[in-house]
Each structure stands twice: as C-alpha cells, then as structure tokens.
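Structure file query-v6.txt (compact mmCIF, C-alpha atoms) is printed below.
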```
# COMPACT_ATOMS: atom_id res chain seq x y z
CA MET K 1 -23.25 -1.19 -18.90
CA GLN K 2 -24.28 0.46 -15.66
CA LEU K 3 -23.70 4.18 -16.12
CA ARG K 4 -25.34 7.25 -14.66
CA ILE K 5 -25.61 10.29 -16.90
CA GLU K 6 -25.04 13.52 -15.01
CA GLU K 7 -25.07 16.09 -17.83
CA SER K 8 -25.24 15.77 -21.59
CA ILE K 9 -25.63 18.06 -24.60
CA ILE K 10 -25.37 17.88 -28.41
CA HIS K 11 -24.34 20.65 -30.83
CA GLN K 12 -24.65 20.46 -34.61
CA PHE K 13 -22.02 21.10 -37.30
CA TYR K 14 -23.35 21.51 -40.84
CA GLN K 15 -22.03 22.32 -44.31
CA ASN K 16 -23.19 25.42 -46.14
CA ASP K 17 -21.74 26.66 -49.45
CA GLY K 18 -18.36 25.06 -48.85
CA GLN K 19 -18.19 26.29 -45.27
CA VAL K 20 -18.87 24.59 -41.97
CA GLY K 21 -21.41 26.15 -39.64
CA LEU K 22 -22.39 25.58 -36.03
CA ARG K 23 -25.79 25.36 -34.38
CA LEU K 24 -25.54 25.54 -30.60
CA ALA K 25 -27.98 23.82 -28.28
CA PRO K 26 -29.38 26.30 -25.71
CA SER K 27 -29.83 23.76 -22.94
CA ALA K 28 -28.74 20.34 -21.76
CA LEU K 29 -30.58 17.21 -22.76
CA THR K 30 -33.19 15.68 -20.52
CA GLU K 31 -32.18 12.19 -19.50
CA ASP K 32 -34.53 9.55 -20.86
CA ASP K 33 -34.33 5.99 -22.16
CA GLN K 34 -33.30 7.11 -25.65
CA LEU K 35 -30.39 9.18 -24.37
CA HIS K 36 -29.31 6.41 -22.03
CA ASP K 37 -29.44 3.84 -24.85
CA LEU K 38 -27.39 6.16 -27.10
CA LEU K 39 -24.71 6.57 -24.43
CA VAL K 40 -24.57 2.84 -23.72
CA GLU K 41 -24.18 2.06 -27.44
CA LEU K 42 -21.58 4.77 -27.87
CA THR K 43 -19.50 3.69 -24.87
CA ASP K 44 -19.68 0.07 -26.07
CA VAL K 45 -18.43 1.11 -29.52
CA TYR K 46 -15.73 3.28 -27.96
CA THR K 47 -14.54 0.50 -25.65
CA SER K 48 -14.47 -2.05 -28.47
CA LYS K 49 -12.26 0.07 -30.73
CA PRO K 50 -9.06 -2.03 -30.90
CA ALA K 51 -6.58 0.86 -31.22
CA LYS K 52 -6.66 3.66 -28.67
CA GLY K 53 -4.06 6.17 -27.56
CA TYR K 54 -3.47 7.62 -24.10
CA ALA K 55 -2.72 11.24 -23.40
CA SER K 56 -2.69 14.10 -20.92
CA PHE K 57 -2.95 17.85 -21.26
CA LEU K 58 0.10 19.78 -22.41
CA LYS K 59 2.17 21.25 -19.59
CA ASP K 60 3.25 24.89 -19.53
CA ASP K 61 6.89 24.07 -20.30
CA GLU K 62 6.11 21.76 -23.23
CA GLU K 63 6.19 22.58 -26.89
CA GLY K 64 2.94 22.69 -28.83
CA ASP K 65 0.11 25.04 -29.60
CA PRO K 66 -1.85 25.64 -26.39
CA SER K 67 -5.62 25.17 -26.47
CA PRO K 68 -8.16 26.95 -24.25
CA PHE K 69 -9.95 23.63 -23.64
CA PRO K 70 -8.05 22.53 -20.47
CA GLU K 71 -8.66 25.92 -18.85
CA GLN K 72 -12.33 25.82 -19.85
CA LEU K 73 -12.59 22.33 -18.43
CA SER K 74 -11.10 23.44 -15.11
CA SER K 75 -13.44 26.44 -14.93
CA TRP K 76 -16.45 24.22 -15.47
CA TYR K 77 -15.31 21.50 -13.07
CA ASP K 78 -14.60 24.09 -10.36
CA GLY K 79 -18.07 25.58 -10.78
CA GLN K 80 -17.07 28.83 -12.49
CA LEU K 81 -18.80 27.81 -15.73
CA GLU K 82 -22.17 26.18 -16.26
CA PHE K 83 -22.10 22.92 -18.22
CA VAL K 84 -24.02 24.38 -21.17
CA GLU K 85 -21.66 27.35 -21.46
CA PHE K 86 -18.62 25.08 -21.20
CA SER K 87 -19.94 22.81 -23.96
CA GLN K 88 -20.76 25.80 -26.17
CA GLN K 89 -17.23 27.16 -25.76
CA SER K 90 -15.88 23.72 -26.66
CA ALA K 91 -18.06 23.58 -29.79
CA LYS K 92 -16.87 27.04 -30.89
CA LEU K 93 -13.29 25.96 -30.31
CA LEU K 94 -13.82 22.85 -32.43
CA LEU K 95 -15.35 25.02 -35.16
CA GLU K 96 -12.19 27.15 -35.20
CA GLU K 97 -10.04 24.04 -35.54
CA LEU K 98 -12.20 22.73 -38.39
CA GLN K 99 -11.84 26.07 -40.18
CA ASN K 100 -8.09 26.24 -39.53
CA TYR K 101 -7.61 22.77 -40.99
CA ASN K 102 -10.06 23.47 -43.81
CA LEU K 103 -12.12 20.43 -42.88
CA LEU K 104 -15.78 20.15 -43.87
CA GLU K 105 -17.20 17.83 -41.25
CA ALA K 106 -20.97 17.51 -40.83
CA GLY K 107 -22.15 15.84 -37.67
CA PHE K 108 -22.87 16.38 -34.02
CA LEU K 109 -20.62 17.13 -31.06
CA LEU K 110 -21.69 15.18 -28.00
CA VAL K 111 -20.38 16.27 -24.61
CA THR K 112 -21.50 14.16 -21.69
CA ARG K 113 -20.50 13.74 -18.09
CA TYR K 114 -21.31 10.33 -16.68
CA GLN K 115 -20.32 8.01 -13.86
CA HIS K 116 -19.47 4.35 -14.17
CA ILE K 117 -18.96 2.44 -10.92
CA SER K 118 -16.88 4.91 -8.86
CA THR K 119 -15.23 6.78 -11.73
CA GLU K 120 -16.43 9.99 -13.32
CA TYR K 121 -15.85 10.59 -17.03
CA LEU K 122 -16.27 13.31 -19.60
CA LEU K 123 -16.86 11.96 -23.10
CA VAL K 124 -16.24 14.37 -25.99
CA CYS K 125 -17.29 12.78 -29.24
CA PHE K 126 -17.98 13.87 -32.81
CA LEU K 127 -20.87 11.80 -34.15
CA PRO K 128 -20.88 11.37 -37.95
CA VAL K 129 -24.10 11.09 -39.91
CA LYS K 130 -25.15 8.94 -42.83
CA GLU K 131 -27.97 9.26 -45.32
CA GLY K 132 -30.58 6.53 -45.18
CA VAL K 133 -34.01 5.62 -46.47
CA THR K 134 -37.05 5.24 -44.26
CA ILE K 135 -40.81 4.93 -44.52
CA ASN K 136 -42.72 8.00 -43.33
CA PRO K 137 -46.15 7.95 -41.58
CA ASP K 138 -47.85 8.19 -44.99
CA LEU K 139 -46.12 4.91 -45.97
CA ALA K 140 -44.02 6.70 -48.57
CA VAL K 141 -40.30 6.28 -49.04
CA ASP K 142 -38.35 9.16 -47.56
CA ARG K 143 -34.69 10.01 -47.10
CA SER K 144 -33.34 10.77 -43.64
CA SER K 145 -30.09 11.41 -41.82
CA GLN K 146 -29.04 9.05 -39.08
CA LEU K 147 -26.18 8.89 -36.62
CA ASP K 148 -23.46 6.51 -37.76
CA ILE K 149 -22.25 5.40 -34.33
CA THR K 150 -20.07 2.54 -35.57
CA LYS K 151 -18.04 4.96 -37.72
CA VAL K 152 -17.01 7.20 -34.82
CA GLN K 153 -13.36 8.23 -35.20
CA LEU K 154 -13.18 11.53 -33.30
CA ALA K 155 -13.70 10.70 -29.65
CA ALA K 156 -11.84 11.17 -26.40
CA ARG K 157 -12.72 10.18 -22.86
CA ILE K 158 -11.32 12.09 -19.91
CA ASP K 159 -11.13 10.26 -16.61
CA LEU K 160 -12.14 13.20 -14.44
CA THR K 161 -11.46 11.27 -11.25
CA GLU K 162 -7.86 10.49 -12.19
CA TRP K 163 -7.33 13.97 -13.66
CA LYS K 164 -8.23 15.60 -10.33
CA THR K 165 -6.69 13.07 -7.93
CA SER K 166 -3.53 12.24 -9.95
CA PRO K 167 -2.75 15.24 -12.18
CA GLU K 168 0.78 13.91 -12.75
CA SER K 169 -0.69 10.88 -14.53
CA GLU K 170 0.04 10.71 -18.25
CA ARG K 171 -2.96 8.68 -19.40
CA TYR K 172 -6.14 10.10 -17.91
CA ILE K 173 -7.28 10.84 -21.47
CA SER K 174 -7.95 8.02 -23.91
CA PHE K 175 -8.78 8.58 -27.57
CA ILE K 176 -9.47 6.61 -30.73
CA LYS K 177 -6.35 6.22 -32.84
CA GLY K 178 -6.56 7.31 -36.46
CA ARG K 179 -5.26 5.58 -39.54
CA ALA K 180 -2.04 6.05 -41.51
CA GLY K 181 -0.73 9.41 -42.58
CA ARG K 182 -1.77 12.57 -40.78
CA LYS K 183 -4.00 10.88 -38.26
CA VAL K 184 -7.49 12.24 -37.78
CA SER K 185 -6.96 11.86 -34.04
CA ASP K 186 -4.06 14.36 -34.19
CA PHE K 187 -6.45 17.11 -35.16
CA PHE K 188 -8.79 16.19 -32.31
CA LEU K 189 -5.91 16.20 -29.83
CA ASP K 190 -5.02 19.73 -30.95
CA PHE K 191 -8.59 20.77 -30.20
CA LEU K 192 -8.37 19.25 -26.70
CA GLY K 193 -4.89 20.65 -26.02
CA CYS K 194 -3.37 17.30 -25.09
CA THR K 195 -0.57 15.10 -26.38
CA GLU K 196 -0.11 11.37 -26.60
CA ARG K 197 2.04 10.05 -23.76
CA LEU K 198 1.74 6.29 -23.95
CA ASN K 199 1.87 4.34 -27.20
CA SER K 200 -0.06 1.18 -26.34
CA LYS K 201 0.70 -0.38 -29.73
CA ALA K 202 4.47 -0.04 -29.22
CA HIS K 203 4.32 -1.36 -25.64
CA THR K 204 2.14 -4.30 -26.70
CA GLN K 205 4.57 -5.15 -29.50
CA GLN K 206 7.40 -5.07 -26.97
CA LEU K 207 5.42 -7.48 -24.78
CA VAL K 208 4.80 -9.84 -27.72
CA ASP K 209 8.51 -9.85 -28.58
CA SER K 210 9.42 -10.47 -24.94
CA VAL K 211 7.00 -13.38 -24.54
CA GLN K 212 8.20 -15.07 -27.73
CA GLU K 213 11.87 -14.63 -26.87
CA TYR K 214 11.26 -15.78 -23.29
CA ALA K 215 9.70 -19.01 -24.56
CA LYS K 216 12.61 -19.50 -26.97
CA GLN K 217 15.38 -18.92 -24.43
CA SER K 218 13.60 -21.06 -21.83
CA GLU K 219 13.97 -23.92 -24.33
CA LEU K 220 10.31 -24.88 -24.14
CA GLU K 221 8.90 -27.46 -26.49
CA ASN K 222 6.80 -26.23 -29.40
CA GLU K 223 3.50 -27.10 -27.73
CA GLN K 224 4.64 -25.41 -24.52
CA ARG K 225 5.64 -22.27 -26.44
CA GLN K 226 2.23 -22.15 -28.05
CA ALA K 227 0.56 -22.65 -24.68
CA LEU K 228 2.67 -19.86 -23.19
CA ASN K 229 1.68 -17.50 -26.00
CA LYS K 230 -1.97 -18.47 -25.55
CA ALA K 231 -1.80 -17.86 -21.80
CA ALA K 232 -0.30 -14.41 -22.40
CA TYR K 233 -2.96 -13.62 -24.99
CA ASP K 234 -5.84 -14.76 -22.76
CA TYR K 235 -4.60 -12.69 -19.82
CA CYS K 236 -4.05 -9.54 -21.91
CA ASP K 237 -7.34 -9.99 -23.75
CA ASP K 238 -9.25 -10.30 -20.47
CA GLN K 239 -7.59 -7.12 -19.19
CA TRP K 240 -8.49 -5.33 -22.42
CA LYS K 241 -12.14 -6.41 -22.23
CA GLN K 242 -12.37 -5.22 -18.63
CA GLY K 243 -10.77 -1.88 -19.51
CA ASP K 244 -7.84 -2.68 -17.22
CA THR K 245 -4.10 -2.50 -17.88
CA VAL K 246 -1.66 -5.33 -18.53
CA LYS K 247 0.61 -5.80 -15.52
CA ILE K 248 3.96 -7.46 -16.20
CA LYS K 249 4.22 -8.70 -12.61
CA ASP K 250 0.83 -10.47 -12.76
CA LEU K 251 1.67 -12.07 -16.11
CA SER K 252 5.02 -13.19 -14.74
CA GLU K 253 3.33 -14.86 -11.76
CA GLN K 254 0.98 -16.73 -14.11
CA PHE K 255 3.91 -17.99 -16.15
CA ALA K 256 5.74 -19.11 -13.00
CA GLU K 257 2.77 -21.25 -11.97
CA GLN K 258 2.50 -22.96 -15.36
CA TYR K 259 6.16 -23.12 -16.43
CA PRO K 260 8.56 -22.74 -13.50
CA VAL K 261 11.88 -21.81 -15.09
CA GLU K 262 15.06 -20.37 -13.64
CA LYS K 263 14.40 -16.74 -14.59
CA SER K 264 11.05 -15.00 -14.07
CA PHE K 265 9.37 -13.34 -17.02
CA GLU K 266 9.34 -10.02 -15.16
CA SER K 267 13.13 -10.07 -14.78
CA PHE K 268 13.66 -11.36 -18.31
CA SER K 269 11.45 -8.72 -19.94
CA LYS K 270 13.36 -5.90 -18.25
CA ASP K 271 16.70 -7.29 -19.35
CA PHE K 272 15.38 -7.93 -22.85
CA ALA K 273 14.17 -4.34 -23.14
CA GLU K 274 17.52 -2.94 -21.99
CA GLN K 275 19.46 -5.13 -24.42
CA ASN K 276 17.34 -3.83 -27.29
CA SER K 277 17.32 -0.21 -26.09
CA ARG K 278 13.56 -0.29 -25.74
CA GLU K 279 11.25 0.83 -23.01
CA LEU K 280 9.04 -1.55 -21.07
CA VAL K 281 6.64 -0.07 -18.55
CA ASP K 282 5.31 -2.10 -15.64
CA ASP K 283 1.69 -1.77 -16.72
CA PHE K 284 -0.04 -0.39 -19.79
CA PRO K 285 -3.29 -0.66 -21.77
CA ALA K 286 -2.99 -3.36 -24.43
CA ASP K 287 -3.51 -2.83 -28.15
CA LYS K 288 -6.01 -5.43 -29.33
CA SER K 289 -4.75 -5.81 -32.90
CA THR K 290 -1.12 -6.24 -31.82
CA LEU K 291 -2.11 -8.85 -29.21
CA ARG K 292 -3.26 -11.20 -31.97
CA LYS K 293 0.37 -11.75 -32.97
CA LEU K 294 0.68 -13.96 -29.90
CA VAL K 295 -1.67 -16.53 -31.40
CA LYS K 296 -1.83 -15.82 -35.14
CA PHE K 297 0.55 -15.46 -38.06
CA GLN K 298 -0.74 -13.02 -40.62
CA GLY K 299 0.56 -10.78 -43.36
CA GLN K 300 -0.20 -9.39 -46.77
CA GLY K 301 1.62 -8.02 -49.78
CA GLY K 302 1.89 -8.46 -53.51
CA GLY K 303 -1.79 -9.30 -53.82
CA VAL K 304 -1.62 -12.12 -51.26
CA SER K 305 -3.10 -12.12 -47.76
CA VAL K 306 -2.40 -15.04 -45.41
CA GLY K 307 -3.36 -15.70 -41.82
CA PHE K 308 -3.44 -18.80 -39.61
CA ASP K 309 -3.26 -19.82 -35.96
CA HIS K 310 0.10 -20.65 -34.39
CA THR K 311 -1.21 -24.14 -33.65
CA ALA K 312 -1.57 -24.83 -37.40
CA LEU K 313 2.16 -24.39 -38.04
CA GLY K 314 3.75 -27.79 -38.43
CA GLU K 315 0.32 -29.40 -38.73
CA ARG K 316 -1.73 -28.10 -41.64
CA VAL K 317 0.75 -25.37 -42.53
CA HIS K 318 4.44 -25.97 -43.27
CA TYR K 319 7.11 -23.35 -43.92
CA ASP K 320 10.41 -23.96 -45.72
CA PRO K 321 12.77 -21.06 -44.88
CA ALA K 322 15.29 -22.18 -47.51
CA THR K 323 12.85 -21.60 -50.36
CA ASP K 324 10.52 -19.17 -48.54
CA THR K 325 7.63 -21.49 -49.38
CA LEU K 326 4.43 -21.91 -47.40
CA THR K 327 2.50 -25.17 -47.92
CA ILE K 328 -1.11 -25.43 -46.77
CA ASN K 329 -2.68 -28.87 -46.49
CA GLY K 330 -6.42 -28.53 -46.88
CA THR K 331 -7.81 -25.13 -47.86
CA PRO K 332 -10.72 -23.47 -46.03
CA PRO K 333 -14.08 -24.63 -47.48
CA ASN K 334 -15.14 -21.24 -48.85
CA LEU K 335 -11.76 -20.74 -50.55
CA ARG K 336 -11.82 -24.29 -51.90
CA ASP K 337 -15.29 -23.73 -53.40
CA GLN K 338 -14.12 -20.54 -55.12
CA LEU K 339 -11.07 -22.26 -56.58
CA ARG K 340 -13.03 -25.26 -57.83
CA ARG K 341 -15.61 -23.03 -59.48
CA TYR K 342 -12.83 -20.97 -61.09
CA PHE K 343 -11.23 -24.09 -62.60
CA GLY K 344 -14.60 -25.59 -63.56
CA ILE K 345 -14.29 -28.53 -61.18
CA ASP K 346 -17.52 -30.08 -59.88
CA SER K 347 -17.83 -29.78 -56.11
```
Written as structure tokens, that's how I'd like the structure from this file.
Amino acid sequence: MQLRIEESIIHQFYQNDGQVGLRLAPSALTEDDQLHDLLVELTDVYTSKPAKGYASFLKDDEEGDPSPFPEQLSSWYDGQLEFVEFSQQSAKLLLEELQNYNLLEAGFLLVTRYQHISTEYLLVCFLPVKEGVTINPDLAVDRSSQLDITKVQLAARIDLTEWKTSPESERYISFIKGRAGRKVSDFFLDFLGCTERLNSKAHTQQLVDSVQEYAKQSELENEQRQALNKAAYDYCDDQWKQGDTVKIKDLSEQFAEQYPVEKSFESFSKDFAEQNSRELVDDFPADKSTLRKLVKFQGQGGGVSVGFDHTALGERVHYDPATDTLTINGTPPNLRDQLRRYFGIDS
C-alpha cells in the first residue's frame, strides 16, 4: 500500500495492582522503515476486517454523552494544538473511559496521520500485546511482549478529507465492529464521541434479499439465478476489496447487460424495500460476511455446522422440505477420513 506518514505517536497503557496506568510519549515517532512497515501491516489488517461500522461525530442536538475528542481534533487540525499534545489529550481521555468502564486493558494507543492517494486519514488504534518466547543475544530463552496486530479490535479511521469537505456526511468514520453483547466497539465510540450512522450489515442483507427475490420474480432458470447471485457477489466483493461502496445503479446496469428483463434491478429493489418497510440506500459499504450468503448456504445449531456453495444444491446436495432432510452425496475427503477412522474402516 502506498501511504505517506505525516505524524505518528504511541502511548502505553499498563496494568498495576488492579489499576490501569498511562505512560505518555513526549514526542512523535521518527518515520523509518519499521514504522512504515507497521502502518502498512496495520492498515492491511484493518481493511481486511470483514465487519466494520460507519459513524460520524454526535451533533449538538443529539442525545448521548458528549466527548471532548471532536473538539480536540478540530483544535489540532486548525493548528491550535500540536500533534503531540492532541495525542496526549486523547490518551488521557481514553484512560478516563477505561477507568469509568472498569476495564483493565494493557496495550498501546497508536495515533497516526497519513495520506493515501489524495485522501488524508487519522487512524486511532489500540494495539493489544501478547506474551511470547524469543532467543536473546546470549542464545538463552527469554520471554518478551509483542504487538498482536491481527487481534486488533479497538480501531477507528477518520477520513479527514471528507470530515472537512463534507461535514454533513454520516460515514467519515469507520470502525471495527465488535462481537455479540455489549460490543467492545461501543466503548471506543464513546471515547471518540461519535455514533454509528450506517449499518453495513443490515444494508448488505437487504441487498442479498433483493437480489434473490429479483431472480425469483424474474422467473430465471436455476443456473441463471446462481449466475445472477455470483455476478452480484463478484461486483460487491471487488468494491469491498477496493474500499469502495456498493452502488445499486451500477449493479443494476450489470444485471441489465447479462439478463435484460422488463424491470430493472434498481427499480425493483426500491419497490421491494418499500413493500417490506425497509430502507435501501443508493450506495453503501458492503459487509463481507453477509455477502457470502449470495453464493453459499451455511448454518449451525444443535451441534451441527453445515455449509456449501449454491451450485452444489441439486447436484451433490439435495434438500427435502417435507421432511427437512439434507442429503449429501460424497463427503469432503478430510471429513470422510475422520468418519472412516471413527468406525474402524480401512481407508
């Protein structure tokens, strides 16, 4: 990835007697190959996270606990605060949130301003650590702490260019979505003083439902329906990989070229959304995990997990809705080997 680091700094959070402490860096980092490699790896991990949310800062007339972060950000961006001071204020603010939520998080807060192509970003990321074993210069085994980049869960990226040029936008902040329950990302959003505006998972699910119903009502043959789903998946997946949004109009034009039917997908999807009292925006960032429903059947429950491509249905996989029975002809080799060993059958 071609990125230019403009300013970057790291502050440390540590645990001490059941409390979380903060060690502030006095100056910004000097850009070198190691820092550049760290940022490239981190941005790659961030981009590849399948589930992200999209947010903007809370407005004055909105409910929610206000955070000083947006004001601090503006002061820094307008030149009233030095970058180091801004980052230190942010770290202190995060420390307060950790204490308020009674969270004991050890790790490092990375704040970096960088430019990619013509867009300027601010990445605010909490880097977790993991204990590891290494060999010291005396060739003895030694324990050490290392950054666990792949396990990053607290991270948000502010599109500074969009924030300044289009302040009315509702998705100039992207963040990693947390898991079930009280999401970890919720706590991080409180620290940043922003709120989720666009639920990419819900919009992607609406798109999946629209594509499948469109194929059904267009009375396409089974192979054509599968091809339509695959075309939708490929388009959305390409947009996701490029960090671009899914545009209903563009997808509709692709469908029209491959399967010219009486009603365009763009028109159908709007009507379908209205009929089901659901919202469908013209363009949105796709949710990677939800996209897979276009090309795969998968589910789990009661100790059973099953997944297979759409193209396998009616070929290797047969479903009887009357008895709710799934028949698989030919098991995957690794599963077959496990079953044969379990029953004592020679391979």
>> Calculated over only C-alpha atoms, which of the candidates K:Ser118, K:Thr245, K:Ser56, K:Thr134 has the smallest distance to K:Pro167?
In response: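 Distance minimum relative to K:Pro167 lands on K:Ser56.
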> From the list K:Ser277, K:Ser90, K:Ser267, K:Gln226, which residue is nearest K:Gly314 when using only C-alpha atoms?
Replying inline: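 Ranking K:Ser277, K:Ser90, K:Ser267, K:Gln226 by distance to K:Gly314, first place goes to K:Gln226.
Rounded to one decimal, atom CA of K:Arg157 and atom CA of K:Val124 lie 6.3 Å from each other.
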> atom CA of K:Val141 to atom CA of K:Ala106: how many Å, to one decimal?
Replying inline: 23.8 Å
> Can you tell me how far atom CA of K:Tyr54 sits from atom CA of K:Leu198, in Å to one decimal?
Replying inline: 5.4 Å
> Which neighbours of K:Asn329 fall inside 12 Å, counting only C-alpha atoms, when residues of the same chain fewer than 4 positions from it are skipped, and could you give them as a list in words?
Replying inline: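 Those residues are Ala312, Leu313, Gly314, Glu315, Arg316, Val317, His318, Tyr319 and Arg336 of chain K.
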Starting from the incomplete input, reconstruct all heavy atoms of stretch 326-337 of chain K and report them as a short mmCIF file (atom, residue, chain, number, x, y, z; two decimals), in the coordinates of the input.
```cif
data_model
loop_
_atom_site.label_atom_id
_atom_site.label_comp_id
_atom_site.auth_asym_id
_atom_site.auth_seq_id
_atom_site.Cartn_x
_atom_site.Cartn_y
_atom_site.Cartn_z
N LEU K 326 5.44 -21.55 -48.38
CA LEU K 326 4.43 -21.91 -47.40
C LEU K 326 3.51 -22.95 -48.05
O LEU K 326 2.95 -22.72 -49.12
CB LEU K 326 3.62 -20.67 -47.00
CG LEU K 326 2.83 -20.73 -45.68
CD1 LEU K 326 3.79 -20.82 -44.49
CD2 LEU K 326 1.95 -19.48 -45.56
N THR K 327 3.35 -24.10 -47.40
CA THR K 327 2.50 -25.17 -47.92
C THR K 327 1.31 -25.36 -46.99
O THR K 327 1.50 -25.57 -45.79
CB THR K 327 3.27 -26.49 -48.04
OG1 THR K 327 4.42 -26.29 -48.87
CG2 THR K 327 2.40 -27.58 -48.64
N ILE K 328 0.12 -25.28 -47.56
CA ILE K 328 -1.11 -25.43 -46.77
C ILE K 328 -1.80 -26.72 -47.19
O ILE K 328 -2.14 -26.90 -48.36
CB ILE K 328 -2.06 -24.23 -46.97
CG1 ILE K 328 -1.35 -22.92 -46.61
CG2 ILE K 328 -3.32 -24.40 -46.15
CD1 ILE K 328 -2.16 -21.67 -46.91
N ASN K 329 -1.98 -27.61 -46.23
CA ASN K 329 -2.68 -28.87 -46.49
C ASN K 329 -4.15 -28.72 -46.12
O ASN K 329 -4.50 -28.63 -44.95
CB ASN K 329 -2.05 -30.01 -45.67
CG ASN K 329 -0.61 -30.26 -46.05
OD1 ASN K 329 -0.26 -30.25 -47.23
ND2 ASN K 329 0.24 -30.47 -45.05
N GLY K 330 -5.00 -28.68 -47.14
CA GLY K 330 -6.42 -28.53 -46.88
C GLY K 330 -6.80 -27.06 -46.80
O GLY K 330 -6.51 -26.40 -45.81
N THR K 331 -7.42 -26.54 -47.85
CA THR K 331 -7.81 -25.13 -47.86
C THR K 331 -9.14 -24.94 -47.15
O THR K 331 -9.94 -25.88 -47.05
CB THR K 331 -7.93 -24.63 -49.31
OG1 THR K 331 -8.84 -25.48 -50.03
CG2 THR K 331 -6.57 -24.63 -50.00
N PRO K 332 -9.41 -23.75 -46.65
CA PRO K 332 -10.72 -23.47 -46.03
C PRO K 332 -11.85 -23.73 -47.03
O PRO K 332 -11.69 -23.47 -48.23
CB PRO K 332 -10.62 -21.98 -45.67
CG PRO K 332 -9.15 -21.72 -45.54
CD PRO K 332 -8.49 -22.60 -46.56
N PRO K 333 -12.98 -24.25 -46.57
CA PRO K 333 -14.08 -24.63 -47.48
C PRO K 333 -14.51 -23.54 -48.45
O PRO K 333 -14.71 -23.80 -49.64
CB PRO K 333 -15.21 -25.02 -46.52
CG PRO K 333 -14.51 -25.46 -45.28
CD PRO K 333 -13.30 -24.57 -45.16
N ASN K 334 -14.67 -22.30 -47.95
CA ASN K 334 -15.14 -21.24 -48.85
C ASN K 334 -14.10 -20.91 -49.92
O ASN K 334 -14.44 -20.62 -51.07
CB ASN K 334 -15.53 -19.99 -48.07
CG ASN K 334 -14.40 -19.45 -47.21
OD1 ASN K 334 -13.41 -20.12 -46.99
ND2 ASN K 334 -14.56 -18.23 -46.72
N LEU K 335 -12.81 -20.97 -49.55
CA LEU K 335 -11.76 -20.74 -50.55
C LEU K 335 -11.71 -21.90 -51.54
O LEU K 335 -11.55 -21.68 -52.75
CB LEU K 335 -10.41 -20.59 -49.84
CG LEU K 335 -9.18 -20.46 -50.75
CD1 LEU K 335 -9.31 -19.24 -51.67
CD2 LEU K 335 -7.91 -20.38 -49.92
N ARG K 336 -11.84 -23.12 -51.03
CA ARG K 336 -11.82 -24.29 -51.90
C ARG K 336 -12.95 -24.23 -52.92
O ARG K 336 -12.76 -24.52 -54.13
CB ARG K 336 -11.93 -25.57 -51.08
CG ARG K 336 -11.88 -26.85 -51.93
CD ARG K 336 -11.83 -28.11 -51.08
NE ARG K 336 -13.02 -28.27 -50.26
CZ ARG K 336 -13.03 -28.14 -48.93
NH1 ARG K 336 -11.92 -27.85 -48.29
NH2 ARG K 336 -14.16 -28.30 -48.25
N ASP K 337 -14.15 -23.83 -52.49
CA ASP K 337 -15.29 -23.73 -53.40
C ASP K 337 -15.02 -22.70 -54.50
O ASP K 337 -15.35 -22.92 -55.67
CB ASP K 337 -16.56 -23.35 -52.62
CG ASP K 337 -17.04 -24.47 -51.72
OD1 ASP K 337 -16.59 -25.62 -51.92
OD2 ASP K 337 -17.85 -24.19 -50.81
#
```
